Amino acid sequence: MSTLDMSKFEKKIIIRTIRYEDIDEIVELGKLCFPNMDPWKRQQLISHLEIFPEGQFCVELDGEIIGSCSSLIINFDEYDDQHTWDEITDEGYITNHDSEGYNLYGIEVAVHPDYRRMKIGRRLYEARKELAREMNLKSIIIGGRIPNYRRYSEEMSPRQYVEEVMNHNVFDPVLTFQVMNGFTLKRVNRNYLEDDAASMKYATLMEWNNVDYRPTTKRHFKTAFPVRICAIQYMMKKIDSFDEFAQQCEYYADVGASYQSDFVVFPEIFTTQLLSFIEEKSPSRAIRRLTDFTEDYINLFTDLAIKYNVNIIGGSHFVEEEGGIYNIAYLFRRDGTIEKQYKIHITPNERRFWGIQGGDSVEVFDTDCGKIAIQICYDIEFPELGRIATEKGANIIFTPFCTDDRQGYLRVRYCSQARAVENQVYTMITGTVGNLTHVENMDIQYAQSGIFTPSDFAFPRDGIVGECHPNIETVVVGDVDLELLRRSRKSGNVTQWKDRRHDLYRVEQHLKNETT
């Protein structure tokens, strides 16, 4: 009896890591698998292989690639719960891959449409699980599409749809597959993948835990609440129109947004630049004419905060209210809402030349980055105001200022740093530079803007996050951590805020019209 040649019946299926020569084929595979979505770019796949070749797998059948998957390693605790695909992958280039991270993050699985009932996806998932075991990673996390949701979107919310799928009442080709492969649901993310119309941009965040994980270090993560501040050291120079002023302000709002700032802060009374095209020599009459621009100023900064998705402290501006002139700082939130803080202590110069009146209350404002206060220039030199603001919950005290000489500037700076130390808060100052040769009483400016911290081991050595060079037009951008601040107040090397002697002294705010 002749021996049957079995080789002619064999099909060679291989799971292996991706090589550079596979890139063109994988790009074409993506076009087949996701016809209405952007496929991989060659440079993205090249970046994957340069950064983390071990995490890129493909399935080969008789020499043809019929499936692929990509991944990177991250510390998931460092990312926002509602992250997007672009954020977690650095727009597909995985340059944020962390070889010392704890979590493998899967960013794509593609299976050729002609081979989707051959367990190709399961093989790729198993390859990831084996990699997680070999590298001793805590878990695998994936942001999963829900491509059948579009059919049910008019009758179900994303959460309801996900529950129906997990209860096996509705079938979803991705979510059902992930559940069957041992992944559990963490949450539903919005706006996860911009071009995923079938999922209506929603995704399920899923996790598989490696039960073989063995901790090998005492290193552990502490939560963080980072806030990014951009201080504008603004040049005072002659302009010819409000439009020219608006163009300069928009430029800086754009700069702050490009650095992903949470706050963009302009200096005190920088709107006096508008007086450079107003023919009025009397300082008091000029200031009243400046108040005519109040609505234009408010509309401008409201639009900029929304357009650039950044909270803007619009320096300060002279405003007429019930016949009096006030120096007011406005907070323009990125959601379109507005708050204001009146300057409380008026300098002799402001009173003598402009007749400015003082406000009566220390305000603290809720923002999407915690509670903040604004203390305009001279106000930061009165320690009681910092105490009151911190008592009300402020974590950051912003100080827009305008000083004409180094002595005046140093009073603002030293007092701002003192408020940071004594109240264990972050403080920030930003001022005007340059000369307004056409404006009475606004001749010269001196500033060196900066961002300051308490003084302890957890913070920068000199208590300075960042500072500008003095007297040039520029910005300073820096990050402060509100969670670090909370821990420092609780258990720092010194705890000035906790150790106040309320049995001996207390600072209280009394409203002007309050009866006591």
# chains A, B, ... in the order shown; residues from 1 in each chain; ligands from 1
$ residues_around --residues "stretch 252-268 of chain A" --least-positions-apart "2" --cutoff "6 Å" --atoms "only C-alpha atoms" --output "MDAnalysis selection string"
chainID A and resid 228:232 249:250 270 308 310:316 400:402 430:432
$ write_last_selection --atoms "N, CA, C and O atoms" --output "compact mmCIF listing (two decimals), in the first residue's frame"
# COMPACT_ATOMS: atom_id res chain seq x y z
N ARG A 228 -1.45 72.72 34.36
CA ARG A 228 -0.43 73.45 33.60
C ARG A 228 -0.82 74.93 33.49
O ARG A 228 -1.94 75.26 33.11
N ILE A 229 0.14 75.78 33.81
CA ILE A 229 -0.07 77.23 33.82
C ILE A 229 0.83 77.88 32.78
O ILE A 229 2.02 77.55 32.70
N CYS A 230 0.27 78.81 32.03
CA CYS A 230 1.04 79.60 31.08
C CYS A 230 0.88 81.07 31.44
O CYS A 230 -0.23 81.62 31.38
N ALA A 231 1.98 81.70 31.87
CA ALA A 231 1.96 83.11 32.25
C ALA A 231 2.49 83.94 31.09
O ALA A 231 3.56 83.66 30.54
N ILE A 232 1.74 84.97 30.72
CA ILE A 232 2.09 85.83 29.60
C ILE A 232 2.80 87.08 30.11
O ILE A 232 2.20 87.89 30.83
N CYS A 249 -3.67 89.28 21.73
CA CYS A 249 -4.23 88.42 22.79
C CYS A 249 -4.52 87.03 22.26
O CYS A 249 -4.26 86.02 22.94
N GLU A 250 -5.07 86.94 21.05
CA GLU A 250 -5.37 85.62 20.48
C GLU A 250 -4.08 84.85 20.22
O GLU A 250 -4.05 83.63 20.40
N PHE A 270 -3.24 95.43 31.54
CA PHE A 270 -2.57 95.46 30.24
C PHE A 270 -3.47 96.06 29.16
O PHE A 270 -2.99 96.42 28.08
N TYR A 308 -10.12 78.14 22.25
CA TYR A 308 -8.86 77.43 22.50
C TYR A 308 -8.95 76.46 23.67
O TYR A 308 -7.95 75.87 24.06
N VAL A 310 -9.31 76.72 26.93
CA VAL A 310 -8.39 77.00 28.01
C VAL A 310 -9.02 78.03 28.94
O VAL A 310 -9.76 78.92 28.50
N ASN A 311 -8.78 77.88 30.24
CA ASN A 311 -9.24 78.89 31.20
C ASN A 311 -8.30 80.09 31.11
O ASN A 311 -7.08 79.93 31.19
N ILE A 312 -8.87 81.28 30.96
CA ILE A 312 -8.07 82.49 30.80
C ILE A 312 -8.35 83.45 31.95
O ILE A 312 -9.51 83.75 32.24
N ILE A 313 -7.28 83.87 32.60
CA ILE A 313 -7.39 84.99 33.52
C ILE A 313 -6.95 86.21 32.73
O ILE A 313 -5.77 86.35 32.39
N GLY A 314 -7.92 87.05 32.40
CA GLY A 314 -7.69 88.13 31.44
C GLY A 314 -7.01 89.32 32.05
O GLY A 314 -7.45 90.47 31.83
N GLY A 315 -5.92 89.07 32.81
CA GLY A 315 -5.24 90.18 33.46
C GLY A 315 -6.22 90.94 34.33
O GLY A 315 -6.97 90.36 35.11
N SER A 316 -6.22 92.25 34.18
CA SER A 316 -7.29 93.05 34.80
C SER A 316 -7.59 94.23 33.89
O SER A 316 -6.80 94.59 33.01
N PRO A 400 -1.88 88.77 38.66
CA PRO A 400 -1.50 89.67 37.58
C PRO A 400 -0.98 90.96 38.19
O PRO A 400 -1.57 91.48 39.14
N PHE A 401 0.13 91.49 37.67
CA PHE A 401 0.68 92.71 38.27
C PHE A 401 1.18 93.66 37.19
O PHE A 401 1.38 93.27 36.03
N CYS A 402 1.38 94.90 37.61
CA CYS A 402 1.97 95.93 36.74
C CYS A 402 2.81 96.84 37.63
O CYS A 402 2.26 97.54 38.49
N THR A 430 2.44 87.43 36.97
CA THR A 430 2.76 87.75 35.58
C THR A 430 2.52 89.24 35.34
O THR A 430 1.50 89.79 35.77
N GLY A 431 3.50 89.87 34.69
CA GLY A 431 3.45 91.32 34.57
C GLY A 431 3.71 91.84 33.17
O GLY A 431 4.01 91.08 32.24
N THR A 432 3.60 93.16 33.05
CA THR A 432 3.81 93.84 31.78
C THR A 432 5.26 94.31 31.67
O THR A 432 5.91 94.63 32.67
$ residues_around --residues "A:Asp405" --least-positions-apart "6" --cutoff "9 Å" --atoms "only C-alpha atoms" --output "PyMOL selection string"
chain A and resi 444-447
$ write_last_selection --atoms "N, CA and C atoms" --output "compact mmCIF listing (two decimals), in the first residue's frame"
# COMPACT_ATOMS: atom_id res chain seq x y z
N ILE A 444 6.74 103.31 31.93
CA ILE A 444 7.71 102.21 31.90
C ILE A 444 7.16 101.02 32.69
N GLN A 445 7.73 99.85 32.41
CA GLN A 445 7.27 98.62 33.06
C GLN A 445 8.49 97.79 33.46
N TYR A 446 8.35 97.04 34.56
CA TYR A 446 9.41 96.11 34.96
C TYR A 446 8.73 94.83 35.43
N ALA A 447 9.17 93.68 34.88
CA ALA A 447 8.55 92.40 35.28
C ALA A 447 9.49 91.24 35.05
$ closest_atom_pairs --of "stretch 63-181 of chain A" --to "stretch 193-216 of chain A" --cutoff "9 Å" --atoms "only C-alpha atoms" --output "tab-separated table"
residue	atom	partner	partner_atom	distance
A:Thr84	CA	A:Leu193	CA	6.6
A:Trp85	CA	A:Leu193	CA	5.7
A:Asp86	CA	A:Leu193	CA	7.5
A:Lys129	CA	A:Asn210	CA	7.8
A:Ala132	CA	A:Asn210	CA	7.2
A:Arg133	CA	A:Asp212	CA	6.7
A:Asn136	CA	A:Tyr213	CA	5.4
A:Leu137	CA	A:Tyr213	CA	6.2
A:Lys138	CA	A:Asn210	CA	5.4
A:Ser139	CA	A:Asn209	CA	4.3
A:Ile140	CA	A:Trp208	CA	5.1
A:Ile141	CA	A:Glu207	CA	4.5
A:Ile142	CA	A:Met206	CA	5.3
A:Gly143	CA	A:Leu205	CA	4.6
A:Gly144	CA	A:Thr204	CA	5.0
A:Arg145	CA	A:Ala203	CA	4.8
A:Ile146	CA	A:Ser199	CA	5.0
A:Pro147	CA	A:Ser199	CA	4.5
A:Asn148	CA	A:Ala198	CA	6.5
A:Tyr149	CA	A:Ser199	CA	5.5
A:Arg150	CA	A:Ala198	CA	5.4
A:Arg151	CA	A:Ala198	CA	8.4
A:Ser153	CA	A:Met200	CA	8.5
A:Pro158	CA	A:Tyr202	CA	7.4
A:Val162	CA	A:Thr204	CA	8.0
A:Leu175	CA	A:Thr204	CA	7.7
A:Gln178	CA	A:Met206	CA	7.9
A:Val179	CA	A:Met206	CA	8.6
A:Asn181	CA	A:Trp208	CA	8.6
$ write_last_selection --atoms "N, CA and C atoms" --output "PDB file, in the first residue's frame"
ATOM      1  N   THR A  84      -8.319  59.218  25.104  1.00  0.00           N
ATOM      2  CA  THR A  84      -8.658  58.865  23.727  1.00  0.00           C
ATOM      3  C   THR A  84      -7.574  57.955  23.152  1.00  0.00           C
ATOM      4  N   TRP A  85      -7.868  57.377  22.002  1.00  0.00           N
ATOM      5  CA  TRP A  85      -6.889  56.523  21.320  1.00  0.00           C
ATOM      6  C   TRP A  85      -5.650  57.331  20.963  1.00  0.00           C
ATOM      7  N   ASP A  86      -5.829  58.557  20.502  1.00  0.00           N
ATOM      8  CA  ASP A  86      -4.681  59.395  20.146  1.00  0.00           C
ATOM      9  C   ASP A  86      -3.796  59.663  21.352  1.00  0.00           C
ATOM     10  N   LYS A 129      -1.245  37.743  25.738  1.00  0.00           N
ATOM     11  CA  LYS A 129      -1.261  37.236  27.113  1.00  0.00           C
ATOM     12  C   LYS A 129       0.065  36.575  27.467  1.00  0.00           C
ATOM     13  N   ALA A 132       2.572  39.249  28.110  1.00  0.00           N
ATOM     14  CA  ALA A 132       2.371  39.853  29.427  1.00  0.00           C
ATOM     15  C   ALA A 132       2.941  38.971  30.529  1.00  0.00           C
ATOM     16  N   ARG A 133       2.788  37.651  30.386  1.00  0.00           N
ATOM     17  CA  ARG A 133       3.359  36.729  31.388  1.00  0.00           C
ATOM     18  C   ARG A 133       4.877  36.758  31.337  1.00  0.00           C
ATOM     19  N   ASN A 136       6.171  39.892  32.812  1.00  0.00           N
ATOM     20  CA  ASN A 136       5.674  40.105  34.163  1.00  0.00           C
ATOM     21  C   ASN A 136       4.913  41.427  34.276  1.00  0.00           C
ATOM     22  N   LEU A 137       3.934  41.612  33.374  1.00  0.00           N
ATOM     23  CA  LEU A 137       3.089  42.803  33.397  1.00  0.00           C
ATOM     24  C   LEU A 137       1.813  42.510  34.174  1.00  0.00           C
ATOM     25  N   LYS A 138       1.272  43.523  34.831  1.00  0.00           N
ATOM     26  CA  LYS A 138       0.107  43.325  35.686  1.00  0.00           C
ATOM     27  C   LYS A 138      -1.146  42.982  34.901  1.00  0.00           C
ATOM     28  N   SER A 139      -1.313  43.597  33.727  1.00  0.00           N
ATOM     29  CA  SER A 139      -2.569  43.399  33.005  1.00  0.00           C
ATOM     30  C   SER A 139      -2.415  43.803  31.555  1.00  0.00           C
ATOM     31  N   ILE A 140      -3.424  43.455  30.780  1.00  0.00           N
ATOM     32  CA  ILE A 140      -3.581  43.954  29.418  1.00  0.00           C
ATOM     33  C   ILE A 140      -4.833  44.815  29.404  1.00  0.00           C
ATOM     34  N   ILE A 141      -4.719  46.016  28.854  1.00  0.00           N
ATOM     35  CA  ILE A 141      -5.856  46.926  28.757  1.00  0.00           C
ATOM     36  C   ILE A 141      -6.096  47.222  27.281  1.00  0.00           C
ATOM     37  N   ILE A 142      -7.352  47.272  26.893  1.00  0.00           N
ATOM     38  CA  ILE A 142      -7.703  47.591  25.514  1.00  0.00           C
ATOM     39  C   ILE A 142      -8.884  48.553  25.492  1.00  0.00           C
ATOM     40  N   GLY A 143      -8.888  49.414  24.504  1.00  0.00           N
ATOM     41  CA  GLY A 143     -10.051  50.249  24.237  1.00  0.00           C
ATOM     42  C   GLY A 143     -10.791  49.631  23.068  1.00  0.00           C
ATOM     43  N   GLY A 144     -11.888  48.962  23.350  1.00  0.00           N
ATOM     44  CA  GLY A 144     -12.562  48.173  22.324  1.00  0.00           C
ATOM     45  C   GLY A 144     -13.667  48.927  21.610  1.00  0.00           C
ATOM     46  N   ARG A 145     -13.696  48.805  20.287  1.00  0.00           N
ATOM     47  CA  ARG A 145     -14.796  49.366  19.509  1.00  0.00           C
ATOM     48  C   ARG A 145     -16.093  48.611  19.824  1.00  0.00           C
ATOM     49  N   ILE A 146     -17.224  49.269  19.576  1.00  0.00           N
ATOM     50  CA  ILE A 146     -18.537  48.595  19.669  1.00  0.00           C
ATOM     51  C   ILE A 146     -19.268  48.862  18.345  1.00  0.00           C
ATOM     52  N   PRO A 147     -18.810  48.220  17.275  1.00  0.00           N
ATOM     53  CA  PRO A 147     -19.242  48.606  15.920  1.00  0.00           C
ATOM     54  C   PRO A 147     -20.711  48.386  15.600  1.00  0.00           C
ATOM     55  N   ASN A 148     -21.408  47.572  16.396  1.00  0.00           N
ATOM     56  CA  ASN A 148     -22.840  47.395  16.136  1.00  0.00           C
ATOM     57  C   ASN A 148     -23.707  48.408  16.872  1.00  0.00           C
ATOM     58  N   TYR A 149     -23.076  49.292  17.671  1.00  0.00           N
ATOM     59  CA  TYR A 149     -23.871  50.229  18.469  1.00  0.00           C
ATOM     60  C   TYR A 149     -24.697  51.155  17.603  1.00  0.00           C
ATOM     61  N   ARG A 150     -24.202  51.522  16.432  1.00  0.00           N
ATOM     62  CA  ARG A 150     -24.926  52.465  15.579  1.00  0.00           C
ATOM     63  C   ARG A 150     -26.344  51.968  15.274  1.00  0.00           C
ATOM     64  N   ARG A 151     -26.514  50.664  15.166  1.00  0.00           N
ATOM     65  CA  ARG A 151     -27.837  50.102  14.857  1.00  0.00           C
ATOM     66  C   ARG A 151     -28.824  50.294  16.015  1.00  0.00           C
ATOM     67  N   SER A 153     -28.425  52.854  18.512  1.00  0.00           N
ATOM     68  CA  SER A 153     -28.179  54.110  19.203  1.00  0.00           C
ATOM     69  C   SER A 153     -29.448  54.906  19.492  1.00  0.00           C
ATOM     70  N   PRO A 158     -25.052  54.173  25.228  1.00  0.00           N
ATOM     71  CA  PRO A 158     -23.894  53.269  25.135  1.00  0.00           C
ATOM     72  C   PRO A 158     -23.814  52.304  26.314  1.00  0.00           C
ATOM     73  N   VAL A 162     -23.918  48.224  26.023  1.00  0.00           N
ATOM     74  CA  VAL A 162     -22.846  47.370  26.550  1.00  0.00           C
ATOM     75  C   VAL A 162     -23.417  46.326  27.508  1.00  0.00           C
ATOM     76  N   LEU A 175     -16.946  43.459  21.208  1.00  0.00           N
ATOM     77  CA  LEU A 175     -17.156  43.337  22.648  1.00  0.00           C
ATOM     78  C   LEU A 175     -17.449  41.895  23.051  1.00  0.00           C
ATOM     79  N   GLN A 178     -14.220  40.017  23.087  1.00  0.00           N
ATOM     80  CA  GLN A 178     -13.337  40.358  24.201  1.00  0.00           C
ATOM     81  C   GLN A 178     -13.804  39.724  25.503  1.00  0.00           C
ATOM     82  N   VAL A 179     -15.109  39.737  25.738  1.00  0.00           N
ATOM     83  CA  VAL A 179     -15.645  39.097  26.937  1.00  0.00           C
ATOM     84  C   VAL A 179     -15.333  37.602  26.923  1.00  0.00           C
ATOM     85  N   ASN A 181     -12.877  36.229  25.715  1.00  0.00           N
ATOM     86  CA  ASN A 181     -11.438  36.034  25.901  1.00  0.00           C
ATOM     87  C   ASN A 181     -10.952  36.480  27.275  1.00  0.00           C
TER      88      ASN A 181
END
$ select_by_dssp --residues "stretch 90-270 of chain A" --states "strand (DSSP E)" --output "VMD selection string"
chain A and resid 103 to 111 139 to 145 184 to 189 203 to 209 226 to 236 263 to 265
$ residues_around --residues "A:His317" --least-positions-apart "4" --cutoff "8 Å" --atoms "only C-alpha atoms" --output "ChimeraX atom specification"
/A:268-272,291,294,327-329
$ write_last_selection --atoms "all heavy atoms" --output "PDB file, in the first residue's frame"
ATOM      1  N   GLU A 268      -1.861  92.511  34.916  1.00  0.00           N
ATOM      2  CA  GLU A 268      -2.739  93.563  35.409  1.00  0.00           C
ATOM      3  C   GLU A 268      -2.800  94.724  34.414  1.00  0.00           C
ATOM      4  O   GLU A 268      -1.796  95.085  33.796  1.00  0.00           O
ATOM      5  CB  GLU A 268      -2.233  94.065  36.762  1.00  0.00           C
ATOM      6  CG  GLU A 268      -3.092  95.160  37.365  1.00  0.00           C
ATOM      7  CD  GLU A 268      -2.465  95.829  38.563  1.00  0.00           C
ATOM      8  OE1 GLU A 268      -1.218  95.779  38.700  1.00  0.00           O
ATOM      9  OE2 GLU A 268      -3.213  96.427  39.350  1.00  0.00           O
ATOM     10  N   ILE A 269      -3.956  95.323  34.270  1.00  0.00           N
ATOM     11  CA  ILE A 269      -4.265  96.514  33.468  1.00  0.00           C
ATOM     12  C   ILE A 269      -3.485  96.584  32.150  1.00  0.00           C
ATOM     13  O   ILE A 269      -3.124  97.668  31.685  1.00  0.00           O
ATOM     14  CB  ILE A 269      -4.111  97.828  34.271  1.00  0.00           C
ATOM     15  CG1 ILE A 269      -2.705  98.013  34.836  1.00  0.00           C
ATOM     16  CG2 ILE A 269      -5.153  97.871  35.385  1.00  0.00           C
ATOM     17  CD1 ILE A 269      -2.483  99.395  35.478  1.00  0.00           C
ATOM     18  N   PHE A 270      -3.238  95.431  31.539  1.00  0.00           N
ATOM     19  CA  PHE A 270      -2.565  95.458  30.241  1.00  0.00           C
ATOM     20  C   PHE A 270      -3.471  96.056  29.163  1.00  0.00           C
ATOM     21  O   PHE A 270      -2.994  96.421  28.085  1.00  0.00           O
ATOM     22  CB  PHE A 270      -2.090  94.052  29.854  1.00  0.00           C
ATOM     23  CG  PHE A 270      -3.159  93.134  29.353  1.00  0.00           C
ATOM     24  CD1 PHE A 270      -3.093  92.603  28.071  1.00  0.00           C
ATOM     25  CD2 PHE A 270      -4.238  92.767  30.156  1.00  0.00           C
ATOM     26  CE1 PHE A 270      -4.073  91.751  27.594  1.00  0.00           C
ATOM     27  CE2 PHE A 270      -5.210  91.909  29.699  1.00  0.00           C
ATOM     28  CZ  PHE A 270      -5.133  91.398  28.403  1.00  0.00           C
ATOM     29  N   THR A 271      -4.764  96.175  29.457  1.00  0.00           N
ATOM     30  CA  THR A 271      -5.671  96.811  28.494  1.00  0.00           C
ATOM     31  C   THR A 271      -5.418  98.309  28.375  1.00  0.00           C
ATOM     32  O   THR A 271      -5.945  98.952  27.463  1.00  0.00           O
ATOM     33  CB  THR A 271      -7.140  96.577  28.891  1.00  0.00           C
ATOM     34  OG1 THR A 271      -7.364  97.081  30.204  1.00  0.00           O
ATOM     35  CG2 THR A 271      -7.494  95.102  28.844  1.00  0.00           C
ATOM     36  N   THR A 272      -4.599  98.891  29.274  1.00  0.00           N
ATOM     37  CA  THR A 272      -4.247 100.309  29.101  1.00  0.00           C
ATOM     38  C   THR A 272      -3.462 100.531  27.808  1.00  0.00           C
ATOM     39  O   THR A 272      -3.291 101.683  27.378  1.00  0.00           O
ATOM     40  CB  THR A 272      -3.435 100.830  30.296  1.00  0.00           C
ATOM     41  OG1 THR A 272      -2.295  99.988  30.499  1.00  0.00           O
ATOM     42  CG2 THR A 272      -4.284 100.868  31.560  1.00  0.00           C
ATOM     43  N   THR A 291     -12.809 102.454  29.849  1.00  0.00           N
ATOM     44  CA  THR A 291     -13.917 101.596  30.279  1.00  0.00           C
ATOM     45  C   THR A 291     -14.932 101.364  29.157  1.00  0.00           C
ATOM     46  O   THR A 291     -15.725 100.417  29.227  1.00  0.00           O
ATOM     47  CB  THR A 291     -14.630 102.194  31.504  1.00  0.00           C
ATOM     48  OG1 THR A 291     -15.259 103.437  31.145  1.00  0.00           O
ATOM     49  CG2 THR A 291     -13.665 102.414  32.650  1.00  0.00           C
ATOM     50  N   THR A 294     -15.008  97.829  27.707  1.00  0.00           N
ATOM     51  CA  THR A 294     -15.249  96.694  28.599  1.00  0.00           C
ATOM     52  C   THR A 294     -15.992  95.557  27.905  1.00  0.00           C
ATOM     53  O   THR A 294     -15.598  94.385  27.997  1.00  0.00           O
ATOM     54  CB  THR A 294     -16.014  97.151  29.856  1.00  0.00           C
ATOM     55  OG1 THR A 294     -15.218  98.107  30.559  1.00  0.00           O
ATOM     56  CG2 THR A 294     -16.323  95.971  30.759  1.00  0.00           C
ATOM     57  N   ASN A 327     -10.716  98.249  39.434  1.00  0.00           N
ATOM     58  CA  ASN A 327      -9.710  97.412  38.769  1.00  0.00           C
ATOM     59  C   ASN A 327     -10.154  95.962  38.967  1.00  0.00           C
ATOM     60  O   ASN A 327     -10.091  95.433  40.082  1.00  0.00           O
ATOM     61  CB  ASN A 327      -8.336  97.670  39.398  1.00  0.00           C
ATOM     62  CG  ASN A 327      -7.215  97.003  38.641  1.00  0.00           C
ATOM     63  OD1 ASN A 327      -7.435  96.180  37.761  1.00  0.00           O
ATOM     64  ND2 ASN A 327      -5.981  97.345  38.998  1.00  0.00           N
ATOM     65  N   ILE A 328     -10.603  95.314  37.890  1.00  0.00           N
ATOM     66  CA  ILE A 328     -11.247  94.001  38.014  1.00  0.00           C
ATOM     67  C   ILE A 328     -10.507  92.963  37.166  1.00  0.00           C
ATOM     68  O   ILE A 328     -10.195  93.200  36.000  1.00  0.00           O
ATOM     69  CB  ILE A 328     -12.717  94.070  37.563  1.00  0.00           C
ATOM     70  CG1 ILE A 328     -13.491  95.073  38.420  1.00  0.00           C
ATOM     71  CG2 ILE A 328     -13.368  92.692  37.636  1.00  0.00           C
ATOM     72  CD1 ILE A 328     -14.949  95.235  38.004  1.00  0.00           C
ATOM     73  N   ALA A 329     -10.235  91.834  37.788  1.00  0.00           N
ATOM     74  CA  ALA A 329      -9.681  90.676  37.078  1.00  0.00           C
ATOM     75  C   ALA A 329     -10.814  89.706  36.787  1.00  0.00           C
ATOM     76  O   ALA A 329     -11.603  89.361  37.681  1.00  0.00           O
ATOM     77  CB  ALA A 329      -8.599  89.992  37.913  1.00  0.00           C
TER      78      ALA A 329
END
$ select_by_dssp --residues "stretch 74-311 of chain A" --states "helix (DSSP H, G or I)" --output "ChimeraX atom specification"
/A:76-78,85-89,113-115,120-134,149-152,158-166,175-180,242-258,270-277,283-307
$ closest_residue --among "A:Phe34, A:Tyr378, A:Phe452, A:Phe318" --to "A:Val477" --atoms "only C-alpha atoms"
A:Phe452
$ residues_around --residues "A:Glu384" --least-positions-apart "2" --cutoff "12 Å" --atoms "only C-alpha atoms" --output "list in words"
Ile344, His345, Val362, Gln375, Asp379, Ile380, Glu381, Phe382, Gly386, Arg387, Ile388, Ala389, Thr390, Glu391, Cys415, Ala418, Arg419, Glu422, Asn423, Tyr505, Arg506, Val507, Glu508, Gln509 and His510 of chain A
$ closest_residue --among "A:Met428, A:Ile14, A:Met135, A:Val27" --to "A:Ile120" --atoms "only C-alpha atoms"
A:Ile14
$ residues_around --residues "A:Gly463" --least-positions-apart "3" --cutoff "10 Å" --atoms "only C-alpha atoms" --output "ChimeraX atom specification"
/A:417,420-421,426,451-460,466
$ closest_residue --among "A:Val433, A:Leu385, A:Met442, A:Val109" --to "A:Trp40" --atoms "only C-alpha atoms"
A:Val109
$ residues_around --residues "A:Phe242" --least-positions-apart "2" --cutoff "12 Å" --atoms "only C-alpha atoms" --output "list of chain:residue names"
A:Lys238, A:Ile239, A:Asp240, A:Glu244, A:Phe245, A:Ala246, A:Gln247, A:Gln248, A:Cys249, A:Thr271, A:Thr272, A:Gln273, A:Leu274, A:Leu275, A:Ser276, A:Phe277, A:Ile278, A:Leu290, A:Asp292, A:Phe293, A:Thr294, A:Glu295, A:Asp296, A:Tyr297, A:Leu300
$ residues_around --residues "A:Gly336" --least-positions-apart "2" --cutoff "9 Å" --atoms "only C-alpha atoms" --output "list in words"
Thr302, Asp303, Ala305, Ile306, Phe332, Arg333, Arg334 and Ile338 of chain A
$ write_last_selection --atoms "all heavy atoms" --output "compact mmCIF listing (two decimals), in the first residue's frame"
# COMPACT_ATOMS: atom_id res chain seq x y z
N THR A 302 -13.98 85.83 26.30
CA THR A 302 -14.94 84.72 26.37
C THR A 302 -14.80 83.84 25.14
O THR A 302 -14.74 82.60 25.24
CB THR A 302 -16.38 85.25 26.46
OG1 THR A 302 -16.51 86.07 27.62
CG2 THR A 302 -17.37 84.09 26.58
N ASP A 303 -14.71 84.47 23.98
CA ASP A 303 -14.55 83.71 22.72
C ASP A 303 -13.23 82.95 22.69
O ASP A 303 -13.17 81.79 22.25
CB ASP A 303 -14.63 84.65 21.52
CG ASP A 303 -16.02 85.23 21.31
OD1 ASP A 303 -16.98 84.66 21.88
OD2 ASP A 303 -16.15 86.24 20.59
N ALA A 305 -11.42 81.83 25.25
CA ALA A 305 -11.42 80.71 26.20
C ALA A 305 -12.15 79.50 25.61
O ALA A 305 -11.70 78.36 25.77
CB ALA A 305 -12.08 81.14 27.51
N ILE A 306 -13.25 79.76 24.92
CA ILE A 306 -14.01 78.66 24.31
C ILE A 306 -13.27 78.13 23.09
O ILE A 306 -13.12 76.90 22.92
CB ILE A 306 -15.41 79.15 23.93
CG1 ILE A 306 -16.22 79.52 25.18
CG2 ILE A 306 -16.15 78.08 23.12
CD1 ILE A 306 -17.53 80.21 24.89
N PHE A 332 -12.21 83.79 32.75
CA PHE A 332 -13.00 83.30 31.63
C PHE A 332 -12.79 81.79 31.54
O PHE A 332 -11.74 81.34 31.07
CB PHE A 332 -12.57 83.98 30.32
CG PHE A 332 -12.71 85.48 30.35
CD1 PHE A 332 -11.65 86.29 30.77
CD2 PHE A 332 -13.90 86.09 29.97
CE1 PHE A 332 -11.77 87.68 30.80
CE2 PHE A 332 -14.03 87.48 30.00
CZ PHE A 332 -12.97 88.26 30.42
N ARG A 333 -13.76 81.03 32.02
CA ARG A 333 -13.62 79.57 31.98
C ARG A 333 -13.79 79.04 30.57
O ARG A 333 -14.46 79.65 29.74
CB ARG A 333 -14.65 78.91 32.88
CG ARG A 333 -14.50 79.18 34.37
CD ARG A 333 -15.40 78.25 35.17
NE ARG A 333 -15.42 78.55 36.59
CZ ARG A 333 -16.30 79.37 37.17
NH1 ARG A 333 -17.23 79.96 36.43
NH2 ARG A 333 -16.27 79.58 38.48
N ARG A 334 -13.21 77.88 30.32
CA ARG A 334 -13.30 77.33 28.96
C ARG A 334 -14.69 76.81 28.63
O ARG A 334 -14.96 76.48 27.48
CB ARG A 334 -12.24 76.24 28.77
CG ARG A 334 -12.15 75.17 29.80
CD ARG A 334 -11.00 74.23 29.44
NE ARG A 334 -10.31 73.69 30.61
CZ ARG A 334 -9.06 73.24 30.61
NH1 ARG A 334 -8.38 73.26 29.48
NH2 ARG A 334 -8.48 72.77 31.70
N ILE A 338 -18.12 83.09 33.35
CA ILE A 338 -17.23 84.19 33.71
C ILE A 338 -17.37 84.50 35.20
O ILE A 338 -18.48 84.48 35.75
CB ILE A 338 -17.56 85.45 32.89
CG1 ILE A 338 -17.55 85.15 31.39
CG2 ILE A 338 -16.58 86.58 33.20
CD1 ILE A 338 -18.09 86.30 30.55
$ closest_residue --among "A:Leu185, A:Ile464, A:Val170, A:Val425" --to "A:Gly478" --atoms "only C-alpha atoms"
A:Ile464
$ closest_residue --among "A:Glu279, A:Ser47, A:Trp354, A:Phe398" --to "A:Val412" --atoms "only C-alpha atoms"
A:Phe398
